[in-house]
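Peer 1: One structure follows; several queries about it will come next.
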Amino acid sequence: MQTVARRQVLSGIAATSFAAVLADPRLAKAAAEDLETVSITTQDGRDVKAALAMPAALPAPAVLLVHEWWGLNDQIKVVAAELAKEGYIALAVDLYDEKVANQPEDARAYMQAVDPDQATNTLQSWVAWLRDHDAVGGKIGTVGWCFGGGWSLNASIAAPVEATVVYYGRVARSAEDLKALTSPVLGHYATADKWINQEMVGAFEGEMAKAEKSNQSYWYEADHAFANPTSARYDEADAKLAWERTLAFFKEHLG
């Protein structure tokens, strides 16, 4: 049974914008608690977990979310909950084995400790789990931010999906790698980003063209992590526009 305090918090969430919930740790924590924790054994025999948000109407298309370098925190779970409100089965995967960072040095250490082969297998296993899920209506998309942006693309290369969204993620892949893609790619990038810069993205666009794959890149007068309300680089207008474009892209390709 819900306590009075929790009902009040949930009422506050319902009356608050998506961005405001993301920016408020108390509201984000309350929204994140409504997600279900699910577990599977990967194809290579490891036990992994994810957070699952279900829409009101089923069956439904699915979106797999990959977290930033901070780990699977409340912020990413709130995005999953928002996607569920939009009618998608939202699965926020965990590539850090339940570790969540609050400081950049910890986030960097967790990110650097990720084994690429294991991460790829984890994502392949989750996509397979979604494909087999009775409630999934056939089509699957991926989305990720920063560290997760690169892994959104990697997941789509490793396991066929119908739509791929990259928020300022590493996209340094060759045309030979990209031939495995079965989905169009939508990318959100920032002009002031020192890491995911125009040189990297321009090269990616060229490799996508060589591989004859569909790609759409949007540039924002902003900096890395502009879509994260908890970041000092947050840009509210650009974050809203990027989210609207993401939803339109998923609607077009996932239905």
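Each chain in the structure tokens gets a letter, A, B and so on, in the order shown; residues start at 1 in every chain, and ligands are counted from 1 in the order they appear.
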Quick one: residues within 12 Å of Ala227 (chain A), only C-alpha atoms counted, chain neighbours fewer than 4 positions away excluded, as an mmCIF file with C-alpha atoms, in the first residue's frame?
Peer 2:
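Final file, part_14.cif:
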```
data_model
loop_
_atom_site.group_PDB
_atom_site.id
_atom_site.type_symbol
_atom_site.label_atom_id
_atom_site.label_comp_id
_atom_site.auth_asym_id
_atom_site.auth_seq_id
_atom_site.Cartn_x
_atom_site.Cartn_y
_atom_site.Cartn_z
ATOM 1 C CA PHE A 18 9.542 15.435 -17.926
ATOM 2 C CA ALA A 19 12.630 17.676 -17.704
ATOM 3 C CA LEU A 22 14.748 14.490 -14.397
ATOM 4 C CA ALA A 23 16.305 17.495 -12.684
ATOM 5 C CA GLU A 68 25.610 7.400 -19.704
ATOM 6 C CA GLN A 75 17.742 9.694 -14.517
ATOM 7 C CA ILE A 76 17.913 6.966 -17.164
ATOM 8 C CA VAL A 79 13.582 8.376 -19.397
ATOM 9 C CA GLY A 144 21.815 5.929 -25.582
ATOM 10 C CA TRP A 145 23.627 8.976 -24.277
ATOM 11 C CA CYS A 146 27.381 9.679 -24.171
ATOM 12 C CA VAL A 166 22.651 8.252 -30.659
ATOM 13 C CA TYR A 167 23.019 11.190 -28.286
ATOM 14 C CA TYR A 168 26.605 12.493 -28.568
ATOM 15 C CA HIS A 188 22.137 14.331 -31.843
ATOM 16 C CA TYR A 189 25.453 16.194 -31.591
ATOM 17 C CA ALA A 190 26.729 19.413 -30.013
ATOM 18 C CA TYR A 220 22.851 21.839 -31.637
ATOM 19 C CA ALA A 222 25.383 23.328 -27.193
ATOM 20 C CA ASP A 223 27.977 21.201 -25.405
ATOM 21 C CA SER A 231 24.549 18.439 -16.094
ATOM 22 C CA ALA A 232 26.052 21.914 -15.915
ATOM 23 C CA ARG A 233 25.946 21.842 -19.738
ATOM 24 C CA TYR A 234 22.186 21.243 -19.866
ATOM 25 C CA ASP A 235 20.420 23.198 -22.601
ATOM 26 C CA GLU A 236 16.671 23.063 -22.021
ATOM 27 C CA ALA A 237 15.545 24.220 -25.473
ATOM 28 C CA ASP A 238 17.900 21.907 -27.355
ATOM 29 C CA ALA A 239 17.130 18.976 -25.073
ATOM 30 C CA LYS A 240 13.402 19.435 -25.717
ATOM 31 C CA LEU A 241 13.927 19.654 -29.479
ATOM 32 C CA ALA A 242 16.170 16.567 -29.526
ATOM 33 C CA TRP A 243 13.597 14.608 -27.528
ATOM 34 C CA GLU A 244 10.782 15.628 -29.890
ATOM 35 C CA THR A 246 13.686 11.216 -31.080
#
```
Peer 1: Quick one: everything within 9 Å of Val171 (chain A), counting only C-alpha atoms, minus sequence neighbours fewer than 5 positions away in the same chain. Send it as a list of chain:residue names.
Peer 2: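 So the residues in contact are A:Gly149, A:Gly150, A:Leu153, A:Asn154, A:Val166, A:Ile196, A:Met200, A:Val201, A:Ala203, A:Phe204.
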Peer 1: For the strand (DSSP E) assignment from backbone DSSP, which residues of region 116-187 of chain A qualify? Please present them as an MDAnalysis selection string.
Peer 2: chainID A and resid 136:145 163:167 185:187
Peer 1: Could you turn the residues from that selection into a file that holds N, CA and C atoms, as a PDB file, in the first residue's frame?
Peer 2:
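Result saved to selection_25.pdb:
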```
ATOM      1  N   VAL A 136       6.021  -7.675 -26.686  1.00  0.00           N
ATOM      2  CA  VAL A 136       6.693  -6.817 -27.671  1.00  0.00           C
ATOM      3  C   VAL A 136       6.040  -7.007 -29.036  1.00  0.00           C
ATOM      4  N   GLY A 137       5.630  -5.901 -29.616  1.00  0.00           N
ATOM      5  CA  GLY A 137       4.918  -5.950 -30.876  1.00  0.00           C
ATOM      6  C   GLY A 137       5.780  -5.998 -32.106  1.00  0.00           C
ATOM      7  N   GLY A 138       6.940  -6.621 -32.018  1.00  0.00           N
ATOM      8  CA  GLY A 138       7.732  -6.896 -33.210  1.00  0.00           C
ATOM      9  C   GLY A 138       8.897  -5.979 -33.472  1.00  0.00           C
ATOM     10  N   LYS A 139       8.756  -4.669 -33.256  1.00  0.00           N
ATOM     11  CA  LYS A 139       9.814  -3.737 -33.619  1.00  0.00           C
ATOM     12  C   LYS A 139      10.550  -3.224 -32.380  1.00  0.00           C
ATOM     13  N   ILE A 140      11.872  -3.038 -32.551  1.00  0.00           N
ATOM     14  CA  ILE A 140      12.734  -2.638 -31.442  1.00  0.00           C
ATOM     15  C   ILE A 140      13.639  -1.494 -31.887  1.00  0.00           C
ATOM     16  N   GLY A 141      13.824  -0.524 -31.006  1.00  0.00           N
ATOM     17  CA  GLY A 141      14.772   0.559 -31.231  1.00  0.00           C
ATOM     18  C   GLY A 141      15.781   0.621 -30.104  1.00  0.00           C
ATOM     19  N   THR A 142      16.858   1.347 -30.317  1.00  0.00           N
ATOM     20  CA  THR A 142      17.847   1.583 -29.266  1.00  0.00           C
ATOM     21  C   THR A 142      18.105   3.073 -29.128  1.00  0.00           C
ATOM     22  N   VAL A 143      18.463   3.484 -27.926  1.00  0.00           N
ATOM     23  CA  VAL A 143      18.838   4.876 -27.687  1.00  0.00           C
ATOM     24  C   VAL A 143      19.848   4.899 -26.547  1.00  0.00           C
ATOM     25  N   GLY A 144      20.822   5.793 -26.645  1.00  0.00           N
ATOM     26  CA  GLY A 144      21.815   5.929 -25.582  1.00  0.00           C
ATOM     27  C   GLY A 144      22.432   7.305 -25.591  1.00  0.00           C
ATOM     28  N   TRP A 145      23.058   7.648 -24.469  1.00  0.00           N
ATOM     29  CA  TRP A 145      23.627   8.976 -24.277  1.00  0.00           C
ATOM     30  C   TRP A 145      25.098   8.845 -23.899  1.00  0.00           C
ATOM     31  N   ALA A 163      15.404   0.782 -35.374  1.00  0.00           N
ATOM     32  CA  ALA A 163      15.690   2.210 -35.228  1.00  0.00           C
ATOM     33  C   ALA A 163      16.802   2.402 -34.209  1.00  0.00           C
ATOM     34  N   THR A 164      17.719   3.330 -34.483  1.00  0.00           N
ATOM     35  CA  THR A 164      18.867   3.580 -33.612  1.00  0.00           C
ATOM     36  C   THR A 164      19.012   5.074 -33.377  1.00  0.00           C
ATOM     37  N   VAL A 165      19.076   5.473 -32.106  1.00  0.00           N
ATOM     38  CA  VAL A 165      19.271   6.884 -31.753  1.00  0.00           C
ATOM     39  C   VAL A 165      20.545   7.026 -30.931  1.00  0.00           C
ATOM     40  N   VAL A 166      21.376   7.985 -31.323  1.00  0.00           N
ATOM     41  CA  VAL A 166      22.651   8.252 -30.659  1.00  0.00           C
ATOM     42  C   VAL A 166      22.656   9.686 -30.163  1.00  0.00           C
ATOM     43  N   TYR A 167      22.791   9.859 -28.860  1.00  0.00           N
ATOM     44  CA  TYR A 167      23.019  11.190 -28.286  1.00  0.00           C
ATOM     45  C   TYR A 167      24.511  11.319 -27.984  1.00  0.00           C
ATOM     46  N   VAL A 185      19.771   5.478 -38.592  1.00  0.00           N
ATOM     47  CA  VAL A 185      20.389   6.063 -37.396  1.00  0.00           C
ATOM     48  C   VAL A 185      20.036   7.539 -37.312  1.00  0.00           C
ATOM     49  N   LEU A 186      19.628   7.973 -36.137  1.00  0.00           N
ATOM     50  CA  LEU A 186      19.394   9.384 -35.839  1.00  0.00           C
ATOM     51  C   LEU A 186      20.425   9.805 -34.803  1.00  0.00           C
ATOM     52  N   GLY A 187      21.170  10.864 -35.106  1.00  0.00           N
ATOM     53  CA  GLY A 187      22.209  11.330 -34.183  1.00  0.00           C
ATOM     54  C   GLY A 187      21.986  12.751 -33.725  1.00  0.00           C
TER      55      GLY A 187
END
```
Peer 1: Taking 4 positions as the minimum chain separation for residues in the same chain, which residues sit within 12 Å of Thr41 (chain A) when counting only C-alpha atoms? Answer as a PyMOL selection string.
Peer 2: chain A and resi 45-50+121-126+128-129
Peer 1: Go through region 108-241 of chain A and collect every residue that DSSP, computed from the backbone, puts in helix (DSSP H, G or I); the answer should be as a PyMOL selection string.
Peer 2: chain A and resi 108-112+116-132+147-158+175-178+198-210+236-241
Peer 1: Which residue is closest to Trp69 (chain A)? Choose from A:Ala107, A:Leu35, A:Ala119, A:Leu91 and count only C-alpha atoms.
Peer 2: A:Ala107
